[in-house]
Amino acid sequence: SDAEISPMYSSAIEGRGMFLEQNLNTKLNIHIIDTHTYSMGTGMIVLAAKKSIEQGKSVYETLSLIDDLVNRVEIMVNSFSIKNLPSDTALDWIKKFTSGIAHPFPTLQIVNSEAQELPIKKGDHTAFDQFFDYCIKALKGHDTEYYIGYTLREKEASALSMVLEKELGVPPQMIYKLGGFSSYCNGRAAITITYLGKSRKV
């Protein structure tokens, strides 16, 4: 969970403290991870950790992998209409996510849980093609897995998959329908791509 956008991280810290207070002699090590991303990015990290464990890697090797991924995971979002984004939400972090959007069909890049609107030529009806270009640029040159999510735009998600596979020579690991809360945050008609960028670890 991301500590800045969700209370789950602080709740986990509190829960670990309560457990250790009540179990003074425990040998259990509880590792709590701040993912610095949303559920889509967290899912990518969880699947990579699962694969690491299945390959027989140690706990510490898997934790090191998770630490690397936390500092690399990024998300690209294309919303097919700004009207689908919940700018009137009661949640402050979603208001921040949607405030100041300039294009009616915005493309957003999410890094460290911060959303930045990427430039789309105004008055241009090829906003979705420009989203394709951003995805290709983000993935080219990286030996990376990527995942495509969608809400109400399954055909466009399939089209994105074909374009990326043609350009990169690698298909997505998965094309999936976003869950209810992700749909709420990204818009009722949206496509997302989750991938690994350059390491942000200092």
# chains A, B, ... in the order shown; residues from 1 in each chain; ligands from 1
>>> residues_around(residues="range 199-202 of chain A", least_positions_apart="5", cutoff="8 Å", atoms="only C-alpha atoms", output="compact mmCIF listing (two decimals) with C-alpha atoms, in the first residue's frame")
# COMPACT_ATOMS: atom_id res chain seq x y z
CA ASP A 68 13.85 -2.84 -6.82
CA ASN A 71 11.48 1.97 -7.22
CA ARG A 72 10.72 1.22 -10.88
>>> residues_around(residues="range 132-138 of chain A", least_positions_apart="5", cutoff="8 Å", atoms="only C-alpha atoms", output="ChimeraX atom specification")
/A:76,160,163-164,167-168,193,197
>>> residues_around(residues="Ile32 in chain A", least_positions_apart="3", cutoff="12 Å", atoms="only C-alpha atoms", output="PDB file with all heavy atoms, in the first residue's frame")
ATOM      1  N   SER A   1       0.842  -1.192   0.000  1.00  0.00           N
ATOM      2  CA  SER A   1       0.000   0.000   0.000  1.00  0.00           C
ATOM      3  C   SER A   1       0.881   1.246   0.000  1.00  0.00           C
ATOM      4  O   SER A   1       2.000   1.214   0.496  1.00  0.00           O
ATOM      5  CB  SER A   1      -0.898  -0.019   1.223  1.00  0.00           C
ATOM      6  OG  SER A   1      -1.650   1.164   1.297  1.00  0.00           O
ATOM      7  N   ASP A   2       0.376   2.332  -0.579  1.00  0.00           N
ATOM      8  CA  ASP A   2       1.117   3.581  -0.591  1.00  0.00           C
ATOM      9  C   ASP A   2       0.761   4.385   0.649  1.00  0.00           C
ATOM     10  O   ASP A   2      -0.409   4.683   0.905  1.00  0.00           O
ATOM     11  CB  ASP A   2       0.784   4.376  -1.851  1.00  0.00           C
ATOM     12  CG  ASP A   2       1.654   5.617  -1.970  1.00  0.00           C
ATOM     13  OD1 ASP A   2       1.516   6.507  -1.117  1.00  0.00           O
ATOM     14  OD2 ASP A   2       2.457   5.695  -2.912  1.00  0.00           O
ATOM     15  N   ALA A   3       1.773   4.762   1.427  1.00  0.00           N
ATOM     16  CA  ALA A   3       1.545   5.457   2.697  1.00  0.00           C
ATOM     17  C   ALA A   3       0.863   6.804   2.512  1.00  0.00           C
ATOM     18  O   ALA A   3       0.159   7.278   3.405  1.00  0.00           O
ATOM     19  CB  ALA A   3       2.874   5.640   3.421  1.00  0.00           C
ATOM     20  N   MET A   8      -3.874   2.157   4.825  1.00  0.00           N
ATOM     21  CA  MET A   8      -3.557   0.748   5.068  1.00  0.00           C
ATOM     22  C   MET A   8      -2.120   0.563   5.546  1.00  0.00           C
ATOM     23  O   MET A   8      -1.833  -0.303   6.373  1.00  0.00           O
ATOM     24  CB  MET A   8      -3.810  -0.075   3.807  1.00  0.00           C
ATOM     25  CG  MET A   8      -5.272  -0.209   3.443  1.00  0.00           C
ATOM     26  SD  MET A   8      -5.540  -1.227   1.983  1.00  0.00           S
ATOM     27  CE  MET A   8      -4.997  -2.817   2.579  1.00  0.00           C
ATOM     28  N   TYR A   9      -1.193   1.389   5.038  1.00  0.00           N
ATOM     29  CA  TYR A   9       0.214   1.238   5.424  1.00  0.00           C
ATOM     30  C   TYR A   9       0.392   1.536   6.913  1.00  0.00           C
ATOM     31  O   TYR A   9       1.002   0.755   7.650  1.00  0.00           O
ATOM     32  CB  TYR A   9       1.094   2.160   4.592  1.00  0.00           C
ATOM     33  CG  TYR A   9       2.571   2.045   4.903  1.00  0.00           C
ATOM     34  CD1 TYR A   9       3.322   0.999   4.379  1.00  0.00           C
ATOM     35  CD2 TYR A   9       3.200   2.971   5.726  1.00  0.00           C
ATOM     36  CE1 TYR A   9       4.670   0.878   4.674  1.00  0.00           C
ATOM     37  CE2 TYR A   9       4.552   2.863   6.020  1.00  0.00           C
ATOM     38  CZ  TYR A   9       5.285   1.818   5.492  1.00  0.00           C
ATOM     39  OH  TYR A   9       6.617   1.701   5.784  1.00  0.00           O
ATOM     40  N   SER A  10      -0.147   2.665   7.365  1.00  0.00           N
ATOM     41  CA  SER A  10      -0.022   3.011   8.792  1.00  0.00           C
ATOM     42  C   SER A  10      -0.765   2.003   9.662  1.00  0.00           C
ATOM     43  O   SER A  10      -0.321   1.686  10.778  1.00  0.00           O
ATOM     44  CB  SER A  10      -0.544   4.428   9.047  1.00  0.00           C
ATOM     45  OG  SER A  10      -1.892   4.555   8.644  1.00  0.00           O
ATOM     46  N   SER A  11      -1.870   1.466   9.152  1.00  0.00           N
ATOM     47  CA  SER A  11      -2.613   0.441   9.904  1.00  0.00           C
ATOM     48  C   SER A  11      -1.775  -0.834  10.037  1.00  0.00           C
ATOM     49  O   SER A  11      -1.802  -1.495  11.084  1.00  0.00           O
ATOM     50  CB  SER A  11      -3.932   0.118   9.203  1.00  0.00           C
ATOM     51  OG  SER A  11      -4.780   1.238   9.205  1.00  0.00           O
ATOM     52  N   ALA A  12      -1.038  -1.161   8.968  1.00  0.00           N
ATOM     53  CA  ALA A  12      -0.176  -2.349   9.013  1.00  0.00           C
ATOM     54  C   ALA A  12       0.947  -2.157  10.024  1.00  0.00           C
ATOM     55  O   ALA A  12       1.292  -3.087  10.775  1.00  0.00           O
ATOM     56  CB  ALA A  12       0.394  -2.629   7.626  1.00  0.00           C
ATOM     57  N   ILE A  13       1.529  -0.957  10.045  1.00  0.00           N
ATOM     58  CA  ILE A  13       2.582  -0.649  11.033  1.00  0.00           C
ATOM     59  C   ILE A  13       2.026  -0.809  12.450  1.00  0.00           C
ATOM     60  O   ILE A  13       2.653  -1.408  13.327  1.00  0.00           O
ATOM     61  CB  ILE A  13       3.106   0.791  10.835  1.00  0.00           C
ATOM     62  CG1 ILE A  13       3.817   0.935   9.473  1.00  0.00           C
ATOM     63  CG2 ILE A  13       4.023   1.190  11.985  1.00  0.00           C
ATOM     64  CD1 ILE A  13       5.164   0.294   9.373  1.00  0.00           C
ATOM     65  N   GLU A  14       0.841  -0.266  12.668  1.00  0.00           N
ATOM     66  CA  GLU A  14       0.209  -0.351  13.980  1.00  0.00           C
ATOM     67  C   GLU A  14      -0.095  -1.797  14.344  1.00  0.00           C
ATOM     68  O   GLU A  14       0.138  -2.235  15.476  1.00  0.00           O
ATOM     69  CB  GLU A  14      -1.085   0.474  13.987  1.00  0.00           C
ATOM     70  CG  GLU A  14      -1.773   0.518  15.341  1.00  0.00           C
ATOM     71  CD  GLU A  14      -3.042   1.362  15.308  1.00  0.00           C
ATOM     72  OE1 GLU A  14      -3.288   2.038  14.287  1.00  0.00           O
ATOM     73  OE2 GLU A  14      -3.780   1.327  16.306  1.00  0.00           O
ATOM     74  N   GLY A  15      -0.606  -2.559  13.353  1.00  0.00           N
ATOM     75  CA  GLY A  15      -0.929  -3.967  13.593  1.00  0.00           C
ATOM     76  C   GLY A  15       0.307  -4.788  13.940  1.00  0.00           C
ATOM     77  O   GLY A  15       0.265  -5.642  14.836  1.00  0.00           O
ATOM     78  N   ARG A  16       1.423  -4.527  13.250  1.00  0.00           N
ATOM     79  CA  ARG A  16       2.663  -5.240  13.563  1.00  0.00           C
ATOM     80  C   ARG A  16       3.123  -4.922  14.991  1.00  0.00           C
ATOM     81  O   ARG A  16       3.525  -5.821  15.736  1.00  0.00           O
ATOM     82  CB  ARG A  16       3.756  -4.863  12.574  1.00  0.00           C
ATOM     83  CG  ARG A  16       5.104  -5.550  12.862  1.00  0.00           C
ATOM     84  CD  ARG A  16       6.152  -5.210  11.841  1.00  0.00           C
ATOM     85  NE  ARG A  16       6.465  -3.780  11.822  1.00  0.00           N
ATOM     86  CZ  ARG A  16       7.324  -3.216  10.968  1.00  0.00           C
ATOM     87  NH1 ARG A  16       7.941  -3.966  10.069  1.00  0.00           N
ATOM     88  NH2 ARG A  16       7.544  -1.923  11.004  1.00  0.00           N
ATOM     89  N   GLY A  17       3.024  -3.636  15.364  1.00  0.00           N
ATOM     90  CA  GLY A  17       3.423  -3.246  16.711  1.00  0.00           C
ATOM     91  C   GLY A  17       2.582  -3.947  17.774  1.00  0.00           C
ATOM     92  O   GLY A  17       3.114  -4.430  18.792  1.00  0.00           O
ATOM     93  N   ASN A  29       9.248 -12.639  11.553  1.00  0.00           N
ATOM     94  CA  ASN A  29       9.636 -11.340  11.004  1.00  0.00           C
ATOM     95  C   ASN A  29       8.515 -10.842  10.091  1.00  0.00           C
ATOM     96  O   ASN A  29       8.138 -11.533   9.145  1.00  0.00           O
ATOM     97  CB  ASN A  29      10.927 -11.456  10.195  1.00  0.00           C
ATOM     98  CG  ASN A  29      12.129 -11.696  11.083  1.00  0.00           C
ATOM     99  OD1 ASN A  29      12.229 -11.101  12.145  1.00  0.00           O
ATOM    100  ND2 ASN A  29      13.021 -12.572  10.665  1.00  0.00           N
ATOM    101  N   THR A  35       4.491   0.518  -1.238  1.00  0.00           N
ATOM    102  CA  THR A  35       4.657   0.270  -2.678  1.00  0.00           C
ATOM    103  C   THR A  35       4.821   1.550  -3.489  1.00  0.00           C
ATOM    104  O   THR A  35       5.260   1.510  -4.636  1.00  0.00           O
ATOM    105  CB  THR A  35       3.451  -0.495  -3.236  1.00  0.00           C
ATOM    106  OG1 THR A  35       2.270   0.310  -3.089  1.00  0.00           O
ATOM    107  CG2 THR A  35       3.270  -1.827  -2.523  1.00  0.00           C
ATOM    108  N   LEU A  63      12.671 -10.070  -1.130  1.00  0.00           N
ATOM    109  CA  LEU A  63      12.497  -8.714  -0.601  1.00  0.00           C
ATOM    110  C   LEU A  63      13.349  -7.710  -1.365  1.00  0.00           C
ATOM    111  O   LEU A  63      12.930  -6.569  -1.599  1.00  0.00           O
ATOM    112  CB  LEU A  63      12.850  -8.681   0.887  1.00  0.00           C
ATOM    113  CG  LEU A  63      11.836  -9.319   1.839  1.00  0.00           C
ATOM    114  CD1 LEU A  63      12.404  -9.403   3.247  1.00  0.00           C
ATOM    115  CD2 LEU A  63      10.516  -8.569   1.831  1.00  0.00           C
ATOM    116  N   ILE A  66      11.550  -7.015  -4.568  1.00  0.00           N
ATOM    117  CA  ILE A  66      10.422  -6.120  -4.314  1.00  0.00           C
ATOM    118  C   ILE A  66      10.901  -4.687  -4.173  1.00  0.00           C
ATOM    119  O   ILE A  66      10.305  -3.753  -4.734  1.00  0.00           O
ATOM    120  CB  ILE A  66       9.652  -6.567  -3.051  1.00  0.00           C
ATOM    121  CG1 ILE A  66       8.927  -7.893  -3.321  1.00  0.00           C
ATOM    122  CG2 ILE A  66       8.655  -5.487  -2.612  1.00  0.00           C
ATOM    123  CD1 ILE A  66       8.317  -8.522  -2.076  1.00  0.00           C
ATOM    124  N   ASP A  67      11.996  -4.488  -3.442  1.00  0.00           N
ATOM    125  CA  ASP A  67      12.548  -3.152  -3.252  1.00  0.00           C
ATOM    126  C   ASP A  67      12.923  -2.524  -4.596  1.00  0.00           C
ATOM    127  O   ASP A  67      12.684  -1.337  -4.833  1.00  0.00           O
ATOM    128  CB  ASP A  67      13.774  -3.221  -2.341  1.00  0.00           C
ATOM    129  CG  ASP A  67      14.366  -1.853  -2.056  1.00  0.00           C
ATOM    130  OD1 ASP A  67      13.653  -0.987  -1.524  1.00  0.00           O
ATOM    131  OD2 ASP A  67      15.544  -1.631  -2.390  1.00  0.00           O
TER     132      ASP A  67
END
>>> atom_distance(atom1="CA of Gly141 in chain A", atom2="CA of Ile53 in chain A")
27.3 Å
>>> residues_around(residues="Val170 in chain A", least_positions_apart="4", cutoff="12 Å", atoms="only C-alpha atoms", output="ChimeraX atom specification")
/A:136,139-140,142-147,161-166,174
>>> atom_distance(atom1="CA of Ile120 in chain A", atom2="CA of Phe80 in chain A")
12.6 Å
>>> residues_around(residues="range 58-62 of chain A", least_positions_apart="4", cutoff="12 Å", atoms="only C-alpha atoms", output="ChimeraX atom specification")
/A:29-31,45-54,66-69
>>> residues_around(residues="Gly41 in chain A", least_positions_apart="2", cutoff="7 Å", atoms="only C-alpha atoms", output="PyMOL selection string")
chain A and resi 37-39+43-45+73-75+194
>>> write_last_selection(atoms="all heavy atoms", output="PDB file, in the first residue's frame")
ATOM      1  N   THR A  37       2.634   3.106  -5.041  1.00  0.00           N
ATOM      2  CA  THR A  37       1.852   2.993  -6.272  1.00  0.00           C
ATOM      3  C   THR A  37       0.436   2.567  -5.935  1.00  0.00           C
ATOM      4  O   THR A  37       0.082   2.353  -4.775  1.00  0.00           O
ATOM      5  CB  THR A  37       2.515   1.997  -7.243  1.00  0.00           C
ATOM      6  OG1 THR A  37       1.841   2.059  -8.507  1.00  0.00           O
ATOM      7  CG2 THR A  37       2.471   0.571  -6.735  1.00  0.00           C
ATOM      8  N   TYR A  38      -0.378   2.440  -6.963  1.00  0.00           N
ATOM      9  CA  TYR A  38      -1.772   2.034  -6.817  1.00  0.00           C
ATOM     10  C   TYR A  38      -1.898   0.522  -7.012  1.00  0.00           C
ATOM     11  O   TYR A  38      -0.896  -0.174  -7.225  1.00  0.00           O
ATOM     12  CB  TYR A  38      -2.634   2.791  -7.821  1.00  0.00           C
ATOM     13  CG  TYR A  38      -2.653   4.288  -7.575  1.00  0.00           C
ATOM     14  CD1 TYR A  38      -1.657   5.106  -8.095  1.00  0.00           C
ATOM     15  CD2 TYR A  38      -3.642   4.875  -6.797  1.00  0.00           C
ATOM     16  CE1 TYR A  38      -1.661   6.469  -7.858  1.00  0.00           C
ATOM     17  CE2 TYR A  38      -3.653   6.244  -6.554  1.00  0.00           C
ATOM     18  CZ  TYR A  38      -2.657   7.034  -7.091  1.00  0.00           C
ATOM     19  OH  TYR A  38      -2.650   8.375  -6.850  1.00  0.00           O
ATOM     20  N   SER A  39      -3.107   0.016  -6.945  1.00  0.00           N
ATOM     21  CA  SER A  39      -3.321  -1.433  -6.957  1.00  0.00           C
ATOM     22  C   SER A  39      -2.751  -2.093  -8.211  1.00  0.00           C
ATOM     23  O   SER A  39      -2.261  -3.223  -8.152  1.00  0.00           O
ATOM     24  CB  SER A  39      -4.814  -1.754  -6.825  1.00  0.00           C
ATOM     25  OG  SER A  39      -5.556  -1.167  -7.870  1.00  0.00           O
ATOM     26  N   GLY A  43      -0.101  -4.990  -7.888  1.00  0.00           N
ATOM     27  CA  GLY A  43      -0.352  -6.317  -8.460  1.00  0.00           C
ATOM     28  C   GLY A  43       0.841  -6.839  -9.232  1.00  0.00           C
ATOM     29  O   GLY A  43       1.200  -8.022  -9.137  1.00  0.00           O
ATOM     30  N   MET A  44       1.488  -5.973  -9.994  1.00  0.00           N
ATOM     31  CA  MET A  44       2.676  -6.367 -10.753  1.00  0.00           C
ATOM     32  C   MET A  44       3.790  -6.815  -9.805  1.00  0.00           C
ATOM     33  O   MET A  44       4.476  -7.811 -10.051  1.00  0.00           O
ATOM     34  CB  MET A  44       3.152  -5.195 -11.611  1.00  0.00           C
ATOM     35  CG  MET A  44       4.291  -5.529 -12.538  1.00  0.00           C
ATOM     36  SD  MET A  44       4.719  -4.096 -13.576  1.00  0.00           S
ATOM     37  CE  MET A  44       5.828  -4.881 -14.753  1.00  0.00           C
ATOM     38  N   ILE A  45       3.959  -6.087  -8.699  1.00  0.00           N
ATOM     39  CA  ILE A  45       4.981  -6.427  -7.708  1.00  0.00           C
ATOM     40  C   ILE A  45       4.674  -7.773  -7.049  1.00  0.00           C
ATOM     41  O   ILE A  45       5.556  -8.618  -6.872  1.00  0.00           O
ATOM     42  CB  ILE A  45       5.088  -5.310  -6.654  1.00  0.00           C
ATOM     43  CG1 ILE A  45       5.618  -4.021  -7.305  1.00  0.00           C
ATOM     44  CG2 ILE A  45       5.981  -5.736  -5.491  1.00  0.00           C
ATOM     45  CD1 ILE A  45       5.488  -2.787  -6.431  1.00  0.00           C
ATOM     46  N   VAL A  73       8.328   0.715 -10.754  1.00  0.00           N
ATOM     47  CA  VAL A  73       7.006   0.537 -11.346  1.00  0.00           C
ATOM     48  C   VAL A  73       6.364   1.880 -11.695  1.00  0.00           C
ATOM     49  O   VAL A  73       6.457   2.843 -10.942  1.00  0.00           O
ATOM     50  CB  VAL A  73       6.092  -0.300 -10.418  1.00  0.00           C
ATOM     51  CG1 VAL A  73       5.708   0.475  -9.170  1.00  0.00           C
ATOM     52  CG2 VAL A  73       4.848  -0.770 -11.146  1.00  0.00           C
ATOM     53  N   GLU A  74       5.767   1.943 -12.876  1.00  0.00           N
ATOM     54  CA  GLU A  74       5.070   3.135 -13.352  1.00  0.00           C
ATOM     55  C   GLU A  74       3.757   2.710 -14.015  1.00  0.00           C
ATOM     56  O   GLU A  74       3.606   1.564 -14.437  1.00  0.00           O
ATOM     57  CB  GLU A  74       5.934   3.903 -14.360  1.00  0.00           C
ATOM     58  CG  GLU A  74       7.254   4.388 -13.782  1.00  0.00           C
ATOM     59  CD  GLU A  74       8.104   5.154 -14.782  1.00  0.00           C
ATOM     60  OE1 GLU A  74       7.594   5.484 -15.878  1.00  0.00           O
ATOM     61  OE2 GLU A  74       9.277   5.418 -14.478  1.00  0.00           O
ATOM     62  N   ILE A  75       2.840   3.655 -14.118  1.00  0.00           N
ATOM     63  CA  ILE A  75       1.535   3.385 -14.728  1.00  0.00           C
ATOM     64  C   ILE A  75       1.214   4.503 -15.713  1.00  0.00           C
ATOM     65  O   ILE A  75       1.449   5.675 -15.420  1.00  0.00           O
ATOM     66  CB  ILE A  75       0.417   3.301 -13.668  1.00  0.00           C
ATOM     67  CG1 ILE A  75       0.731   2.215 -12.628  1.00  0.00           C
ATOM     68  CG2 ILE A  75      -0.943   3.035 -14.311  1.00  0.00           C
ATOM     69  CD1 ILE A  75      -0.184   2.247 -11.420  1.00  0.00           C
ATOM     70  N   THR A 194       0.785  -0.943 -17.039  1.00  0.00           N
ATOM     71  CA  THR A 194       1.708  -0.975 -15.907  1.00  0.00           C
ATOM     72  C   THR A 194       3.011  -1.585 -16.400  1.00  0.00           C
ATOM     73  O   THR A 194       3.016  -2.633 -17.039  1.00  0.00           O
ATOM     74  CB  THR A 194       1.125  -1.798 -14.761  1.00  0.00           C
ATOM     75  OG1 THR A 194      -0.184  -1.292 -14.427  1.00  0.00           O
ATOM     76  CG2 THR A 194       1.996  -1.728 -13.521  1.00  0.00           C
TER      77      THR A 194
END
>>> atom_distance(atom1="CA of Ser79 in chain A", atom2="CA of Ser158 in chain A")
15.9 Å
>>> closest_residue(among="A:Val70, A:Met40, A:Ala159, A:Tyr195", to="Lys177 in chain A", atoms="only C-alpha atoms")
A:Met40
>>> residues_around(residues="Ile191 in chain A", least_positions_apart="3", cutoff="8 Å", atoms="only C-alpha atoms", output="PyMOL selection string")
chain A and resi 77-79+148-151+153+156-157
>>> write_last_selection(atoms="C-alpha atoms", output="short mmCIF file (atom, residue, chain, number, x, y, z; two decimals), in the first residue's frame")
data_model
loop_
_atom_site.label_atom_id
_atom_site.label_comp_id
_atom_site.auth_asym_id
_atom_site.auth_seq_id
_atom_site.Cartn_x
_atom_site.Cartn_y
_atom_site.Cartn_z
CA VAL A 77 -3.52 5.92 -18.03
CA ASN A 78 -5.64 7.02 -20.97
CA SER A 79 -9.09 8.29 -20.02
CA ILE A 148 -2.76 -3.83 -19.78
CA GLY A 149 -5.93 -2.99 -17.85
CA TYR A 150 -9.19 -1.53 -19.10
CA THR A 151 -12.68 -0.38 -18.19
CA ARG A 153 -12.60 -0.41 -23.58
CA GLU A 156 -8.96 -0.64 -27.53
CA ALA A 157 -6.99 -2.65 -24.95
#
>>> decode(residues="range 141-150 of chain A", atoms="all heavy atoms", output="PDB file, in the first residue's frame")
ATOM      1  N   GLY A 141      13.475  -0.068 -25.230  1.00  0.00           N
ATOM      2  CA  GLY A 141      14.781   0.009 -24.593  1.00  0.00           C
ATOM      3  C   GLY A 141      14.820  -0.625 -23.217  1.00  0.00           C
ATOM      4  O   GLY A 141      15.861  -0.700 -22.590  1.00  0.00           O
ATOM      5  N   HIS A 142      13.654  -1.096 -22.726  1.00  0.00           N
ATOM      6  CA  HIS A 142      13.605  -1.744 -21.421  1.00  0.00           C
ATOM      7  C   HIS A 142      13.273  -3.222 -21.614  1.00  0.00           C
ATOM      8  O   HIS A 142      12.403  -3.574 -22.400  1.00  0.00           O
ATOM      9  CB  HIS A 142      12.523  -1.115 -20.535  1.00  0.00           C
ATOM     10  CG  HIS A 142      12.806   0.298 -20.150  1.00  0.00           C
ATOM     11  ND1 HIS A 142      13.775   0.635 -19.231  1.00  0.00           N
ATOM     12  CD2 HIS A 142      12.271   1.465 -20.564  1.00  0.00           C
ATOM     13  CE1 HIS A 142      13.811   1.947 -19.098  1.00  0.00           C
ATOM     14  NE2 HIS A 142      12.906   2.478 -19.888  1.00  0.00           N
ATOM     15  N   ASP A 143      13.997  -4.074 -20.903  1.00  0.00           N
ATOM     16  CA  ASP A 143      13.654  -5.501 -20.874  1.00  0.00           C
ATOM     17  C   ASP A 143      12.608  -5.662 -19.779  1.00  0.00           C
ATOM     18  O   ASP A 143      12.929  -5.950 -18.636  1.00  0.00           O
ATOM     19  CB  ASP A 143      14.905  -6.324 -20.577  1.00  0.00           C
ATOM     20  CG  ASP A 143      14.600  -7.820 -20.522  1.00  0.00           C
ATOM     21  OD1 ASP A 143      13.547  -8.215 -21.045  1.00  0.00           O
ATOM     22  OD2 ASP A 143      15.410  -8.563 -19.952  1.00  0.00           O
ATOM     23  N   THR A 144      11.364  -5.435 -20.147  1.00  0.00           N
ATOM     24  CA  THR A 144      10.345  -5.323 -19.114  1.00  0.00           C
ATOM     25  C   THR A 144       9.070  -6.075 -19.467  1.00  0.00           C
ATOM     26  O   THR A 144       8.715  -6.230 -20.631  1.00  0.00           O
ATOM     27  CB  THR A 144       9.983  -3.839 -18.885  1.00  0.00           C
ATOM     28  OG1 THR A 144       9.023  -3.749 -17.833  1.00  0.00           O
ATOM     29  CG2 THR A 144       9.385  -3.215 -20.124  1.00  0.00           C
ATOM     30  N   GLU A 145       8.419  -6.549 -18.435  1.00  0.00           N
ATOM     31  CA  GLU A 145       7.072  -7.080 -18.587  1.00  0.00           C
ATOM     32  C   GLU A 145       6.098  -5.909 -18.489  1.00  0.00           C
ATOM     33  O   GLU A 145       6.400  -4.907 -17.859  1.00  0.00           O
ATOM     34  CB  GLU A 145       6.773  -8.090 -17.486  1.00  0.00           C
ATOM     35  CG  GLU A 145       7.660  -9.319 -17.515  1.00  0.00           C
ATOM     36  CD  GLU A 145       7.345 -10.284 -16.382  1.00  0.00           C
ATOM     37  OE1 GLU A 145       6.591  -9.901 -15.459  1.00  0.00           O
ATOM     38  OE2 GLU A 145       7.856 -11.402 -16.418  1.00  0.00           O
ATOM     39  N   TYR A 146       4.948  -6.060 -19.095  1.00  0.00           N
ATOM     40  CA  TYR A 146       3.934  -5.025 -18.956  1.00  0.00           C
ATOM     41  C   TYR A 146       2.549  -5.661 -18.938  1.00  0.00           C
ATOM     42  O   TYR A 146       2.335  -6.764 -19.447  1.00  0.00           O
ATOM     43  CB  TYR A 146       4.047  -3.975 -20.068  1.00  0.00           C
ATOM     44  CG  TYR A 146       3.845  -4.491 -21.475  1.00  0.00           C
ATOM     45  CD1 TYR A 146       2.605  -4.379 -22.129  1.00  0.00           C
ATOM     46  CD2 TYR A 146       4.890  -5.087 -22.179  1.00  0.00           C
ATOM     47  CE1 TYR A 146       2.425  -4.845 -23.419  1.00  0.00           C
ATOM     48  CE2 TYR A 146       4.719  -5.554 -23.473  1.00  0.00           C
ATOM     49  CZ  TYR A 146       3.484  -5.425 -24.082  1.00  0.00           C
ATOM     50  OH  TYR A 146       3.311  -5.893 -25.372  1.00  0.00           O
ATOM     51  N   TYR A 147       1.623  -4.960 -18.307  1.00  0.00           N
ATOM     52  CA  TYR A 147       0.258  -5.441 -18.111  1.00  0.00           C
ATOM     53  C   TYR A 147      -0.707  -4.365 -18.601  1.00  0.00           C
ATOM     54  O   TYR A 147      -0.481  -3.184 -18.363  1.00  0.00           O
ATOM     55  CB  TYR A 147       0.000  -5.717 -16.626  1.00  0.00           C
ATOM     56  CG  TYR A 147       0.871  -6.807 -16.038  1.00  0.00           C
ATOM     57  CD1 TYR A 147       2.215  -6.574 -15.743  1.00  0.00           C
ATOM     58  CD2 TYR A 147       0.356  -8.069 -15.782  1.00  0.00           C
ATOM     59  CE1 TYR A 147       3.023  -7.567 -15.203  1.00  0.00           C
ATOM     60  CE2 TYR A 147       1.148  -9.069 -15.240  1.00  0.00           C
ATOM     61  CZ  TYR A 147       2.478  -8.813 -14.959  1.00  0.00           C
ATOM     62  OH  TYR A 147       3.277  -9.795 -14.424  1.00  0.00           O
ATOM     63  N   ILE A 148      -1.776  -4.771 -19.252  1.00  0.00           N
ATOM     64  CA  ILE A 148      -2.763  -3.828 -19.778  1.00  0.00           C
ATOM     65  C   ILE A 148      -4.092  -4.034 -19.047  1.00  0.00           C
ATOM     66  O   ILE A 148      -4.600  -5.155 -18.964  1.00  0.00           O
ATOM     67  CB  ILE A 148      -2.962  -4.019 -21.293  1.00  0.00           C
ATOM     68  CG1 ILE A 148      -1.653  -3.709 -22.032  1.00  0.00           C
ATOM     69  CG2 ILE A 148      -4.094  -3.113 -21.808  1.00  0.00           C
ATOM     70  CD1 ILE A 148      -1.706  -4.006 -23.518  1.00  0.00           C
ATOM     71  N   GLY A 149      -4.628  -2.940 -18.499  1.00  0.00           N
ATOM     72  CA  GLY A 149      -5.927  -2.991 -17.847  1.00  0.00           C
ATOM     73  C   GLY A 149      -6.915  -2.097 -18.578  1.00  0.00           C
ATOM     74  O   GLY A 149      -6.520  -1.188 -19.307  1.00  0.00           O
ATOM     75  N   TYR A 150      -8.198  -2.331 -18.390  1.00  0.00           N
ATOM     76  CA  TYR A 150      -9.194  -1.530 -19.101  1.00  0.00           C
ATOM     77  C   TYR A 150     -10.514  -1.489 -18.334  1.00  0.00           C
ATOM     78  O   TYR A 150     -10.797  -2.349 -17.498  1.00  0.00           O
ATOM     79  CB  TYR A 150      -9.445  -2.088 -20.501  1.00  0.00           C
ATOM     80  CG  TYR A 150     -10.145  -3.441 -20.494  1.00  0.00           C
ATOM     81  CD1 TYR A 150     -11.534  -3.539 -20.541  1.00  0.00           C
ATOM     82  CD2 TYR A 150      -9.404  -4.619 -20.417  1.00  0.00           C
ATOM     83  CE1 TYR A 150     -12.173  -4.772 -20.511  1.00  0.00           C
ATOM     84  CE2 TYR A 150     -10.023  -5.848 -20.394  1.00  0.00           C
ATOM     85  CZ  TYR A 150     -11.409  -5.925 -20.437  1.00  0.00           C
ATOM     86  OH  TYR A 150     -12.025  -7.149 -20.384  1.00  0.00           O
TER      87      TYR A 150
END
